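Chemist: Quick one: this structure, given as structure tokens, is what I'll be asking you about.
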Amino acid sequence: MTKLKSAIAVICLTALSASAWAASKTVTLNVPGMTCPACPITIKKALNKVSGVSKVEVSYEKKQARVTFDDEKTDTKALVKATTDAGFPSKAESQSGRIHGAQQH
């Protein structure tokens with residue numbers, strides 16, 4: 001019975017720590033079509049609707065959106081599609097990973 005409890009504990013800990021291995025990445029999207037200070041609101045809403053996105057910062061001055069996301073749930077292509085579908089075509093500038101083993105681009 002003790003071995004069974006130990007096995008269950010190990011399984012639970014492994015399952016809980018699996019999310020720690022999920023890759024959190026950040027990408028900067030260039031969004032040249034921002035023409036007014038209200039544009040970032042639309043872009044931020046569109047990006048926040050993408051599953052896996054955890055943080056969005058949009059700068060009208062720089063005409064950029066910085067997005068942090070779980071790369072097991074979404075990717076840069078989906079983020080670009082979200083801004084494009086909202087009327088603001090974008091292009092990825094840079095991307096960085098922030099976990100063990102993640103590659104920087």
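Chains: A, B, ... in order of the structure tokens. Residues: from 1 per chain. Ligands: from 1, in order shown.
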Tell me, as number ranges by chain, which residues lie within 8 Å of Asp71 of chain A, counting only C-alpha atoms; anything in the same chain fewer than 5 positions away does not count.
Modeler: A: 22-25, 52
Chemist: For C-alpha atoms, I'd like the residues from the last selection saved as a PDB file, in the first residue's frame.
Modeler:
ATOM      1  CA  ALA A  22       5.858  24.296 -21.428  1.00  0.00           C
ATOM      2  CA  ALA A  23       7.744  26.819 -23.490  1.00  0.00           C
ATOM      3  CA  SER A  24       6.893  30.432 -22.865  1.00  0.00           C
ATOM      4  CA  LYS A  25       8.024  32.535 -25.791  1.00  0.00           C
ATOM      5  CA  GLY A  52      -2.084  30.380 -25.226  1.00  0.00           C
TER       6      GLY A  52
END
Chemist: Could you pull out all residues of segment 10-84 of chain A with a DSSP call of alpha helix (DSSP H) and give them as JSON, numbers by chain?
Modeler: {"A": [10, 11, 12, 13, 14, 15, 16, 17, 18, 39, 40, 41, 42, 43, 44, 45, 46, 47, 48, 76, 77, 78, 79, 80, 81, 82, 83, 84]}
Chemist: Set out as CSV a contact list for segment 35-73 of chain A and segment 80-95 of chain A with a cut-off of 9 Å, giving each residue of segment 35-73 of chain A that qualifies its closest atom pair and distance in Å to one decimal, counting only C-alpha atoms, ordered by chain and rising residue number.
Modeler:
residue,atom,partner,partner_atom,distance
A:Cys39,CA,A:Phe88,CA,8.7
A:Thr42,CA,A:Ala86,CA,7.1
A:Ile43,CA,A:Thr83,CA,5.9
A:Lys44,CA,A:Thr83,CA,8.6
A:Ala46,CA,A:Ala82,CA,5.8
A:Leu47,CA,A:Ala82,CA,6.0
A:Lys49,CA,A:Ala82,CA,8.3
A:Val50,CA,A:Ala82,CA,7.3
A:Gln64,CA,A:Ser90,CA,8.6
A:Ala65,CA,A:Ser90,CA,9.0
Chemist: Report, in Å to a single decimal, how far apart atom CA of Thr28 of chain A and atom CA of Asp70 of chain A are.
Modeler: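 Between these atoms lies a distance of 14.6 Å.
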Chemist: Tell me, in Å to one decimal, how far atom CA of Asp75 of chain A is from atom CA of Pro37 of chain A.
Modeler: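 Computed distance, atom CA of Asp75 of chain A to atom CA of Pro37 of chain A, equals 26.7 Å.
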Chemist: Could you check the closest approach to Asn48 of chain A for each of A:Leu79, A:Lys63, A:Glu72, A:Thr35 and tell me which residue wins, using only C-alpha atoms?
Modeler: A:Leu79
Chemist: Just how far from atom CA of Thr26 of chain A is atom CA of Ser59 of chain A, in Å to one decimal?
Modeler: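 These atoms are spaced 15.1 Å apart.
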